[in-house]
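> So here's work_14.cif (mmCIF, C-alpha atoms and all ligand atoms).
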data_model
#
loop_
_atom_site.group_PDB
_atom_site.id
_atom_site.type_symbol
_atom_site.label_atom_id
_atom_site.label_comp_id
_atom_site.auth_asym_id
_atom_site.auth_seq_id
_atom_site.Cartn_x
_atom_site.Cartn_y
_atom_site.Cartn_z
ATOM 1 C CA MET P 1 140.811 61.589 174.359
ATOM 2 C CA MET P 2 143.108 59.136 172.559
ATOM 3 C CA SER P 3 143.343 59.296 168.784
ATOM 4 C CA PRO P 4 142.947 55.925 167.086
ATOM 5 C CA SER P 5 146.329 54.564 166.044
ATOM 6 C CA TRP P 6 147.424 54.469 162.435
ATOM 7 C CA HIS P 7 146.507 51.407 160.337
ATOM 8 C CA TYR P 8 147.328 51.249 156.641
ATOM 9 C CA PRO P 9 144.509 50.633 154.214
ATOM 10 C CA ARG P 10 145.813 49.172 150.923
ATOM 11 C CA ILE P 11 145.245 52.366 148.968
ATOM 12 C CA ILE P 12 146.278 55.877 150.001
ATOM 13 C CA ALA P 13 145.222 58.754 147.781
ATOM 14 C CA HIS P 14 148.378 60.606 146.724
ATOM 15 C CA ARG P 15 148.337 64.400 147.196
ATOM 16 C CA CYS P 16 144.700 64.298 148.452
ATOM 17 C CA GLY P 17 142.743 63.151 145.424
ATOM 18 C CA GLY P 18 145.405 61.814 143.117
ATOM 19 C CA ALA P 19 145.005 62.855 139.508
ATOM 20 C CA LEU P 20 141.262 63.371 139.789
ATOM 21 C CA ALA P 21 141.434 66.791 141.398
ATOM 22 C CA PRO P 22 143.992 69.559 141.878
ATOM 23 C CA GLU P 23 146.844 68.090 143.915
ATOM 24 C CA ASN P 24 146.973 68.912 147.620
ATOM 25 C CA SER P 25 143.521 70.502 147.568
ATOM 26 C CA LEU P 26 140.416 70.277 149.712
ATOM 27 C CA ALA P 27 138.517 69.322 146.547
ATOM 28 C CA GLY P 28 140.807 66.306 146.287
ATOM 29 C CA LEU P 29 139.840 65.174 149.765
ATOM 30 C CA ALA P 30 136.180 65.238 148.787
ATOM 31 C CA VAL P 31 136.909 63.195 145.651
ATOM 32 C CA ALA P 32 138.839 60.594 147.653
ATOM 33 C CA ALA P 33 136.039 60.263 150.188
ATOM 34 C CA ARG P 34 133.428 59.980 147.446
ATOM 35 C CA LEU P 35 135.336 57.048 145.939
ATOM 36 C CA GLY P 36 135.448 55.238 149.265
ATOM 37 C CA ILE P 37 139.168 55.831 149.829
ATOM 38 C CA ARG P 38 139.991 55.649 153.528
ATOM 39 C CA ALA P 39 143.361 57.428 153.745
ATOM 40 C CA VAL P 40 144.996 60.351 151.992
ATOM 41 C CA GLU P 41 148.499 61.739 151.785
ATOM 42 C CA PHE P 42 149.285 65.415 151.360
ATOM 43 C CA ASP P 43 152.386 67.616 151.391
ATOM 44 C CA VAL P 44 152.812 70.470 153.862
ATOM 45 C CA MET P 45 155.279 73.377 153.686
ATOM 46 C CA LEU P 46 155.547 76.656 155.623
ATOM 47 C CA SER P 47 154.634 80.108 154.391
ATOM 48 C CA ALA P 48 156.958 83.032 155.201
ATOM 49 C CA ASP P 49 155.010 83.585 158.442
ATOM 50 C CA ALA P 50 155.170 79.891 159.365
ATOM 51 C CA VAL P 51 151.665 78.762 158.444
ATOM 52 C CA PRO P 52 151.652 75.149 157.181
ATOM 53 C CA VAL P 53 150.071 75.063 153.733
ATOM 54 C CA LEU P 54 149.287 72.200 151.374
ATOM 55 C CA ILE P 55 151.698 72.287 148.464
ATOM 56 C CA HIS P 56 154.289 69.998 146.933
ATOM 57 C CA ASP P 57 156.802 72.259 145.205
ATOM 58 C CA GLU P 58 158.943 74.945 146.822
ATOM 59 C CA THR P 59 157.710 77.272 144.105
ATOM 60 C CA LEU P 60 154.168 78.264 143.175
ATOM 61 C CA GLU P 61 154.125 78.227 139.373
ATOM 62 C CA ARG P 62 153.316 74.569 138.611
ATOM 63 C CA THR P 63 150.214 74.231 140.769
ATOM 64 C CA SER P 64 148.853 77.750 141.265
ATOM 65 C CA ASN P 65 148.495 81.167 139.697
ATOM 66 C CA GLY P 66 151.185 82.516 142.030
ATOM 67 C CA GLN P 67 154.855 83.130 141.373
ATOM 68 C CA GLY P 68 158.014 82.621 143.363
ATOM 69 C CA ARG P 69 158.841 80.636 146.454
ATOM 70 C CA VAL P 70 156.221 79.490 148.961
ATOM 71 C CA ALA P 71 158.615 80.376 151.791
ATOM 72 C CA ASP P 72 158.774 84.010 150.610
ATOM 73 C CA TRP P 73 155.042 84.742 150.801
ATOM 74 C CA PRO P 74 152.886 85.318 153.899
ATOM 75 C CA TYR P 75 149.848 83.112 154.311
ATOM 76 C CA GLU P 76 147.507 86.046 153.721
ATOM 77 C CA ARG P 77 148.794 86.179 150.135
ATOM 78 C CA LEU P 78 149.081 82.419 149.610
ATOM 79 C CA ARG P 79 145.535 81.687 150.714
ATOM 80 C CA ARG P 80 144.155 83.830 147.888
ATOM 81 C CA LEU P 81 145.900 81.807 145.184
ATOM 82 C CA ASP P 82 143.904 79.675 142.787
ATOM 83 C CA VAL P 83 145.170 76.105 142.886
ATOM 84 C CA GLY P 84 142.331 74.638 140.817
ATOM 85 C CA ARG P 85 142.443 76.193 137.381
ATOM 86 C CA HIS P 86 145.800 74.656 136.412
ATOM 87 C CA HIS P 87 144.187 71.225 136.837
ATOM 88 C CA HIS P 88 140.895 71.906 135.077
ATOM 89 C CA ARG P 89 138.642 74.907 134.670
ATOM 90 C CA ALA P 90 135.969 73.011 136.600
ATOM 91 C CA PHE P 91 138.128 73.521 139.698
ATOM 92 C CA ALA P 92 138.773 77.232 139.126
ATOM 93 C CA GLY P 93 138.449 79.158 142.381
ATOM 94 C CA GLU P 94 139.860 76.370 144.541
ATOM 95 C CA ARG P 95 142.060 78.108 147.109
ATOM 96 C CA LEU P 96 145.377 77.025 148.538
ATOM 97 C CA ALA P 97 144.561 75.285 151.832
ATOM 98 C CA ASP P 98 146.269 75.382 155.193
ATOM 99 C CA LEU P 99 146.845 72.367 157.426
ATOM 100 C CA HIS P 100 143.992 73.175 159.786
ATOM 101 C CA GLN P 101 141.475 73.349 156.946
ATOM 102 C CA ALA P 102 142.744 70.037 155.597
ATOM 103 C CA LEU P 103 142.460 68.353 158.982
ATOM 104 C CA ILE P 104 138.926 69.659 159.486
ATOM 105 C CA HIS P 105 137.950 68.220 156.106
ATOM 106 C CA CYS P 106 139.612 64.863 156.834
ATOM 107 C CA GLN P 107 137.807 64.753 160.152
ATOM 108 C CA ALA P 108 134.442 65.551 158.554
ATOM 109 C CA LEU P 109 134.998 63.032 155.757
ATOM 110 C CA GLY P 110 136.423 60.302 158.007
ATOM 111 C CA LEU P 111 139.724 60.206 156.110
ATOM 112 C CA ALA P 112 142.906 59.073 157.833
ATOM 113 C CA ALA P 113 145.675 61.530 156.963
ATOM 114 C CA ASN P 114 149.338 60.974 156.186
ATOM 115 C CA ILE P 115 150.849 64.421 156.582
ATOM 116 C CA GLU P 116 154.039 64.539 154.560
ATOM 117 C CA ILE P 117 156.252 67.219 156.101
ATOM 118 C CA LYS P 118 157.853 68.836 153.082
ATOM 119 C CA PRO P 119 160.244 71.523 154.296
ATOM 120 C CA ALA P 120 161.695 74.080 151.932
ATOM 121 C CA ALA P 121 165.478 73.785 152.025
ATOM 122 C CA GLY P 122 166.833 75.293 155.216
ATOM 123 C CA HIS P 123 163.476 75.112 157.043
ATOM 124 C CA GLU P 124 163.618 71.458 158.086
ATOM 125 C CA ARG P 125 163.445 71.739 161.886
ATOM 126 C CA GLN P 126 161.028 74.632 161.924
ATOM 127 C CA THR P 127 158.643 72.871 159.532
ATOM 128 C CA GLY P 128 158.654 69.646 161.546
ATOM 129 C CA ARG P 129 158.041 71.508 164.778
ATOM 130 C CA VAL P 130 155.300 73.815 163.479
ATOM 131 C CA VAL P 131 153.404 71.027 161.703
ATOM 132 C CA ALA P 132 153.433 68.921 164.876
ATOM 133 C CA GLU P 133 152.277 71.910 166.935
ATOM 134 C CA TRP P 134 149.353 72.525 164.585
ATOM 135 C CA VAL P 135 148.393 68.860 164.754
ATOM 136 C CA SER P 136 148.552 68.872 168.555
ATOM 137 C CA ALA P 137 146.340 71.967 168.617
ATOM 138 C CA PHE P 138 143.877 70.238 166.293
ATOM 139 C CA GLN P 139 143.828 67.155 168.510
ATOM 140 C CA ARG P 140 143.074 69.355 171.515
ATOM 141 C CA GLU P 141 140.292 71.063 169.554
ATOM 142 C CA CYS P 142 138.755 67.679 168.712
ATOM 143 C CA ALA P 143 139.067 66.496 172.304
ATOM 144 C CA ALA P 144 137.381 69.670 173.566
ATOM 145 C CA ALA P 145 134.506 68.934 171.174
ATOM 146 C CA GLY P 146 134.314 65.379 172.518
ATOM 147 C CA SER P 147 135.449 63.733 169.290
ATOM 148 C CA GLN P 148 138.322 61.450 168.419
ATOM 149 C CA THR P 149 140.743 62.717 165.812
ATOM 150 C CA VAL P 150 140.985 60.641 162.650
ATOM 151 C CA PRO P 151 144.166 58.507 162.486
ATOM 152 C CA LEU P 152 147.179 60.664 161.651
ATOM 153 C CA LEU P 153 150.658 59.797 160.421
ATOM 154 C CA PHE P 154 153.701 62.013 159.876
ATOM 155 C CA SER P 155 156.218 61.210 157.170
ATOM 156 C CA SER P 156 159.139 63.069 155.657
ATOM 157 C CA PHE P 157 162.207 62.672 153.498
ATOM 158 C CA SER P 158 163.847 65.000 156.023
ATOM 159 C CA GLU P 159 165.171 63.237 159.094
ATOM 160 C CA GLU P 160 165.661 66.617 160.753
ATOM 161 C CA ALA P 161 161.993 67.457 160.216
ATOM 162 C CA LEU P 162 160.907 64.086 161.612
ATOM 163 C CA GLU P 163 163.063 64.558 164.672
ATOM 164 C CA ALA P 164 161.660 68.034 165.293
ATOM 165 C CA ALA P 165 158.103 66.765 164.766
ATOM 166 C CA ARG P 166 158.703 63.976 167.277
ATOM 167 C CA LEU P 167 159.930 66.384 169.946
ATOM 168 C CA ALA P 168 157.086 68.844 169.403
ATOM 169 C CA ALA P 169 154.379 66.174 169.201
ATOM 170 C CA ASP P 170 155.589 64.485 172.378
ATOM 171 C CA ALA P 171 155.569 67.853 174.136
ATOM 172 C CA GLY P 172 152.175 68.923 172.826
ATOM 173 C CA ALA P 173 149.997 65.846 172.632
ATOM 174 C CA GLY P 174 148.105 64.068 175.359
ATOM 175 C CA ALA P 175 149.513 60.698 176.398
ATOM 176 C CA GLY P 176 149.529 58.322 173.457
ATOM 177 C CA ASP P 177 148.246 60.922 171.033
ATOM 178 C CA ALA P 178 151.437 61.801 169.158
ATOM 179 C CA PRO P 179 150.961 60.644 165.562
ATOM 180 C CA ALA P 180 153.058 57.689 164.410
ATOM 181 C CA ARG P 181 155.904 58.487 162.030
ATOM 182 C CA ALA P 182 157.210 56.993 158.808
ATOM 183 C CA LEU P 183 160.622 57.583 157.286
ATOM 184 C CA LEU P 184 160.175 58.456 153.629
ATOM 185 C CA CYS P 185 162.917 57.374 151.229
ATOM 186 C CA GLU P 186 163.508 57.167 147.532
ATOM 187 C CA GLU P 187 165.512 53.935 147.566
ATOM 188 C CA ILE P 188 165.343 52.260 150.988
ATOM 189 C CA PRO P 189 168.884 52.603 152.405
ATOM 190 C CA ALA P 190 170.869 49.630 153.679
ATOM 191 C CA ASP P 191 170.832 51.078 157.207
ATOM 192 C CA TRP P 192 167.066 51.584 157.288
ATOM 193 C CA GLN P 193 166.694 49.786 160.619
ATOM 194 C CA THR P 194 169.236 52.001 162.362
ATOM 195 C CA ARG P 195 167.532 55.083 160.964
ATOM 196 C CA LEU P 196 164.065 53.987 162.095
ATOM 197 C CA GLN P 197 165.379 53.281 165.585
ATOM 198 C CA ARG P 198 167.242 56.574 165.833
ATOM 199 C CA LEU P 199 164.186 58.551 164.731
ATOM 200 C CA ASP P 200 161.712 56.367 166.621
ATOM 201 C CA CYS P 201 159.817 55.861 163.366
ATOM 202 C CA ARG P 202 157.539 52.859 163.073
ATOM 203 C CA TYR P 203 157.046 52.680 159.297
ATOM 204 C CA LEU P 204 158.859 53.012 155.990
ATOM 205 C CA HIS P 205 157.682 54.703 152.802
ATOM 206 C CA GLY P 206 159.648 54.195 149.605
ATOM 207 C CA ASP P 207 159.632 54.612 145.845
ATOM 208 C CA ALA P 208 157.961 51.558 144.286
ATOM 209 C CA HIS P 209 160.210 51.852 141.253
ATOM 210 C CA ARG P 210 163.396 51.641 143.305
ATOM 211 C CA LEU P 211 162.385 48.780 145.561
ATOM 212 C CA GLN P 212 164.816 45.868 145.740
ATOM 213 C CA ALA P 213 163.555 42.362 146.501
ATOM 214 C CA GLY P 214 166.298 41.716 149.051
ATOM 215 C CA ARG P 215 165.480 44.897 150.947
ATOM 216 C CA LEU P 216 161.773 44.106 150.934
ATOM 217 C CA ALA P 217 162.534 40.667 152.371
ATOM 218 C CA GLU P 218 164.502 42.298 155.221
ATOM 219 C CA ILE P 219 161.682 44.720 155.935
ATOM 220 C CA GLN P 220 159.116 41.933 155.977
ATOM 221 C CA ALA P 221 161.282 39.761 158.216
ATOM 222 C CA ALA P 222 161.451 42.657 160.670
ATOM 223 C CA GLY P 223 157.652 43.006 160.591
ATOM 224 C CA VAL P 224 157.799 46.638 159.481
ATOM 225 C CA ALA P 225 155.023 48.016 157.277
ATOM 226 C CA LEU P 226 156.191 49.493 153.975
ATOM 227 C CA ALA P 227 154.062 51.786 151.832
ATOM 228 C CA CYS P 228 155.195 52.551 148.272
ATOM 229 C CA TYR P 229 154.667 55.551 145.990
ATOM 230 C CA THR P 230 153.462 56.212 143.326
ATOM 231 C CA VAL P 231 151.574 53.258 141.890
ATOM 232 C CA ASN P 232 148.982 53.909 139.214
ATOM 233 C CA ASP P 233 148.862 50.476 137.602
ATOM 234 C CA PRO P 234 146.612 47.867 139.257
ATOM 235 C CA VAL P 235 148.803 45.013 137.974
ATOM 236 C CA GLN P 236 151.895 46.526 139.571
ATOM 237 C CA ALA P 237 149.900 47.114 142.753
ATOM 238 C CA GLU P 238 148.897 43.446 142.947
ATOM 239 C CA GLN P 239 152.516 42.404 142.425
ATOM 240 C CA LEU P 240 153.632 44.698 145.233
ATOM 241 C CA PHE P 241 150.943 43.439 147.602
ATOM 242 C CA ALA P 242 151.817 39.831 146.733
ATOM 243 C CA ALA P 243 155.483 40.612 147.472
ATOM 244 C CA GLY P 244 154.568 41.957 150.906
ATOM 245 C CA VAL P 245 154.127 45.704 150.455
ATOM 246 C CA THR P 246 151.487 46.930 152.902
ATOM 247 C CA ALA P 247 150.031 49.924 151.061
ATOM 248 C CA ILE P 248 150.441 52.052 147.972
ATOM 249 C CA PHE P 249 150.070 55.752 147.249
ATOM 250 C CA SER P 250 148.168 56.274 144.035
ATOM 251 C CA ASP P 251 147.117 59.098 141.739
ATOM 252 C CA ARG P 252 144.574 56.805 140.040
ATOM 253 C CA ILE P 253 142.314 56.159 142.992
ATOM 254 C CA ASP P 254 139.455 55.625 140.543
ATOM 255 C CA LEU P 255 141.135 52.353 139.482
ATOM 256 C CA PHE P 256 141.393 51.133 143.061
ATOM 257 C CA ALA P 257 138.173 52.400 144.604
ATOM 258 C CA ALA P 258 136.683 48.933 145.001
ATOM 259 C CA THR P 259 139.719 47.587 146.855
ATOM 260 C CA ALA P 260 140.567 50.584 149.031
HETATM 261 O O1 LIG U 1 154.574 60.484 150.572
HETATM 262 C C1 LIG U 1 154.694 59.746 149.416
HETATM 263 C C2 LIG U 1 154.990 60.611 148.220
HETATM 264 O O2 LIG U 1 154.088 61.684 148.233
HETATM 265 C C3 LIG U 1 156.394 61.126 148.200
HETATM 266 O O3 LIG U 1 156.715 61.796 147.043
HETATM 267 O O4 LIG U 1 157.236 63.854 145.836
HETATM 268 O O5 LIG U 1 154.951 62.900 145.709
HETATM 269 O O6 LIG U 1 155.723 63.988 147.786
HETATM 270 P P1 LIG U 1 156.116 63.200 146.575
HETATM 271 MG MG MG U 2 154.016 63.632 149.087
#
Spell out the structure here as structure tokens.


Amino acid sequence: MMSPSWHYPRIIAHRCGGALAPENSLAGLAVAARLGIRAVEFDVMLSADAVPVLIHDETLERTSNGQGRVADWPYERLRRLDVGRHHHRAFAGERLADLHQALIHCQALGLAANIEIKPAAGHERQTGRVVAEWVSAFQRECAAAGSQTVPLLFSSFSEEALEAARLAADAGAGAGDAPARALLCEEIPADWQTRLQRLDCRYLHGDAHRLQAGRLAEIQAAGVALACYTVNDPVQAEQLFAAGVTAIFSDRIDLFAATA
């Protein structure tokens, strides 16, 4: 069964629920859905035993009660970590989620998911491949249950990870089911078109604060959708939309709920 293709809403919740919930948490997905947000972004990295887990940093200290590097701990240990208390005591007990749990929640909540492949240094190819394999398995699970998967999009700063994800998704998905891909950049490079072609990426994601008008004009002229992170000011968002930016990633989804 074909998955619906990716279409950008204007607002994408950054790290699941933005600033309203612990970042990259299942609780954040519920918050986004409750506010009427239609798409979320989250970061995925591998545990020591190659389980994709939702986390932004290579180390555990900032967002959990764990210590050390994500890539040094097996999933069995990571999944017991509390990722809620650092945000607010109301979220104490929130556990570090894996990719499958996140996809199940997105599916149940009807949230399109931008999976940002966030490899720890040195794990680029493996992370791209494993994430794509897990997504293919999830798509097969949905198909077996007779349901369409919610729209899915891969993105990464790592071109190696994107390339590996492309190969694995093409090998694992049913015809037409491989998620679309976006190249994620800080400043959009001058050779962005060559890079998109080489990686067979359809979309660009870039830092809103490093966006140059000339580059945006090129991107628009080429008819390529550009989504910008991280935009928490509605005035800046309107300026970006007026200039031709397709979507924004925001931590303040509460400010955008009505326009999502
Ligand atoms: O995917 C957009 C944005 O999440 C990229 O930056 O560091 O928040 O993952 P970061
Ligand atoms: Mg991210």

> Do you know which residues are within 12 Å of ligand MG 2 (chain U) using all atoms listed in the file? Can you write them as a PyMOL selection string?

chain P and resi 12-18+23-24+40-45+54-57+113-119+154-157+184-186+205-207+228-230+249-251

> I'd like the residues picked by the PyMOL selection byres (((chain P and resi 72) around 12) and not hetatm) written out as a compact mmCIF listing (two decimals) with C-alpha atoms, in the coordinates of the input, using the chain letters and numbers from the file.


# COMPACT_ATOMS: atom_id res chain seq x y z
CA MET P 45 155.28 73.38 153.69
CA LEU P 46 155.55 76.66 155.62
CA SER P 47 154.63 80.11 154.39
CA ALA P 48 156.96 83.03 155.20
CA ASP P 49 155.01 83.58 158.44
CA ALA P 50 155.17 79.89 159.36
CA VAL P 51 151.66 78.76 158.44
CA GLU P 58 158.94 74.94 146.82
CA THR P 59 157.71 77.27 144.10
CA LEU P 60 154.17 78.26 143.18
CA GLY P 66 151.18 82.52 142.03
CA GLN P 67 154.85 83.13 141.37
CA GLY P 68 158.01 82.62 143.36
CA ARG P 69 158.84 80.64 146.45
CA VAL P 70 156.22 79.49 148.96
CA ALA P 71 158.62 80.38 151.79
CA TRP P 73 155.04 84.74 150.80
CA PRO P 74 152.89 85.32 153.90
CA TYR P 75 149.85 83.11 154.31
CA GLU P 76 147.51 86.05 153.72
CA ARG P 77 148.79 86.18 150.14
CA LEU P 78 149.08 82.42 149.61
CA ALA P 120 161.70 74.08 151.93
CA HIS P 123 163.48 75.11 157.04

> Using only C-alpha atoms, I'd like a table of the residues in region 161-201 of chain P that come within 6 Å of region 130-139 of chain P; for each, show the closest atom pair and its distance in Å rounded to one decimal, ordered by chain and ascending number, as CSV.


residue,atom,partner,partner_atom,distance
P:Ala165,CA,P:Ala132,CA,5.1
P:Ala168,CA,P:Ala132,CA,5.8
P:Ala169,CA,P:Ala132,CA,5.2
P:Gly172,CA,P:Ser136,CA,5.6
P:Ala173,CA,P:Ser136,CA,5.3

> Calculated over only C-alpha atoms and all ligand atoms, which of the candidates P:Gly122, P:Ala164, P:Thr127, P:Ala182 has the smallest distance to ligand LIG 1 (chain U)?

P:Ala182

> Work out how far apart CA of Gln239 (chain P) and CA of Ala227 (chain P) are and give it in Å to one decimal.

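One can read the CA of Gln239 (chain P) to CA of Ala227 (chain P) distance as 13.4 Å.
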
> Run the PyMOL selection byres (((chain P and resi 187-195) around 9) and not hetatm) on the file and write out the hits as a PyMOL selection string.

chain P and resi 159+183-186+196-201+204-212+215-216+219+222

> Using only the atoms of ligand LIG 1 (chain U) listed in the file, plus 8 Å on each side, state the axis-aligned box centre and edge lengths in Å rounded to one decimal, as AutoDock Vina command-line options.


--center_x 155.7 --center_y 61.9 --center_z 148.1 --size_x 19.1 --size_y 20.2 --size_z 20.9

> Determine the nearest neighbour of Ala217 (chain P) from the options P:Leu167, P:Ala33, P:Ala178, P:Val245, counting only C-alpha atoms.

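Looking at the shortest contact to Ala217 (chain P), the residue is P:Val245.
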
> For the provided coordinates, the residues matched by the PyMOL selection byres (((chain P and resi 97) around 6) and not hetatm) should be stated as a PyMOL selection string.

chain P and resi 53-54+96+98

> May I ask for the distance between CA of Thr246 (chain P) and CA of Pro9 (chain P), given in Å to one decimal place?

8.0 Å

> May I ask which of the residues P:Ala19, P:Thr259, P:Asp170, P:Ala161 is the closest one to Ala247 (chain P), counting only C-alpha atoms?

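Of P:Ala19, P:Thr259, P:Asp170, P:Ala161, the one nearest Ala247 (chain P), counting only C-alpha atoms, is P:Thr259.
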
> Closest to ligand LIG 1 (chain U) among P:Pro151, P:Arg166, P:Asp233, P:Ile248, using only C-alpha atoms and all ligand atoms?

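Residue with the minimum atom-to-atom distance to ligand LIG 1 (chain U): P:Ile248.
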
> What gap, in Å, lies between atom O3 of ligand LIG 1 (chain U) and CA of Ala221 (chain P)?

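CA of Ala221 (chain P) lies at a distance of 25.1 Å from atom O3 of ligand LIG 1 (chain U).
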
> For a quick check of understanding, using all atoms listed in the file, which of P:Leu240, P:Ala257, P:Leu81, P:Ala225 has the smallest distance to Arg38 (chain P)?

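Of the candidates, the smallest distance to Arg38 (chain P) is held by P:Ala257.
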
> Have a look at P:Arg79, P:Arg181, P:Arg125, P:Arg34 and name the one nearest to ligand LIG 1 (chain U); count only C-alpha atoms and all ligand atoms.

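Among the listed residues, the smallest separation from ligand LIG 1 (chain U) belongs to P:Arg181.
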
> Counting only C-alpha atoms, which residues have an atom no more than 12 Å from (136.3, 65.8, 155.5) in the file's coordinates? Please list them as a ChimeraX atom specification.

/P:16,25-34,37-40,100-113,149-150

> Just to be explicit: take each residue in the selection above, keep C-alpha atoms, and write the result as a compact mmCIF listing (two decimals), in the coordinates of the input.


# COMPACT_ATOMS: atom_id res chain seq x y z
CA CYS P 16 144.70 64.30 148.45
CA SER P 25 143.52 70.50 147.57
CA LEU P 26 140.42 70.28 149.71
CA ALA P 27 138.52 69.32 146.55
CA GLY P 28 140.81 66.31 146.29
CA LEU P 29 139.84 65.17 149.76
CA ALA P 30 136.18 65.24 148.79
CA VAL P 31 136.91 63.20 145.65
CA ALA P 32 138.84 60.59 147.65
CA ALA P 33 136.04 60.26 150.19
CA ARG P 34 133.43 59.98 147.45
CA ILE P 37 139.17 55.83 149.83
CA ARG P 38 139.99 55.65 153.53
CA ALA P 39 143.36 57.43 153.74
CA VAL P 40 145.00 60.35 151.99
CA HIS P 100 143.99 73.18 159.79
CA GLN P 101 141.48 73.35 156.95
CA ALA P 102 142.74 70.04 155.60
CA LEU P 103 142.46 68.35 158.98
CA ILE P 104 138.93 69.66 159.49
CA HIS P 105 137.95 68.22 156.11
CA CYS P 106 139.61 64.86 156.83
CA GLN P 107 137.81 64.75 160.15
CA ALA P 108 134.44 65.55 158.55
CA LEU P 109 135.00 63.03 155.76
CA GLY P 110 136.42 60.30 158.01
CA LEU P 111 139.72 60.21 156.11
CA ALA P 112 142.91 59.07 157.83
CA ALA P 113 145.68 61.53 156.96
CA THR P 149 140.74 62.72 165.81
CA VAL P 150 140.99 60.64 162.65
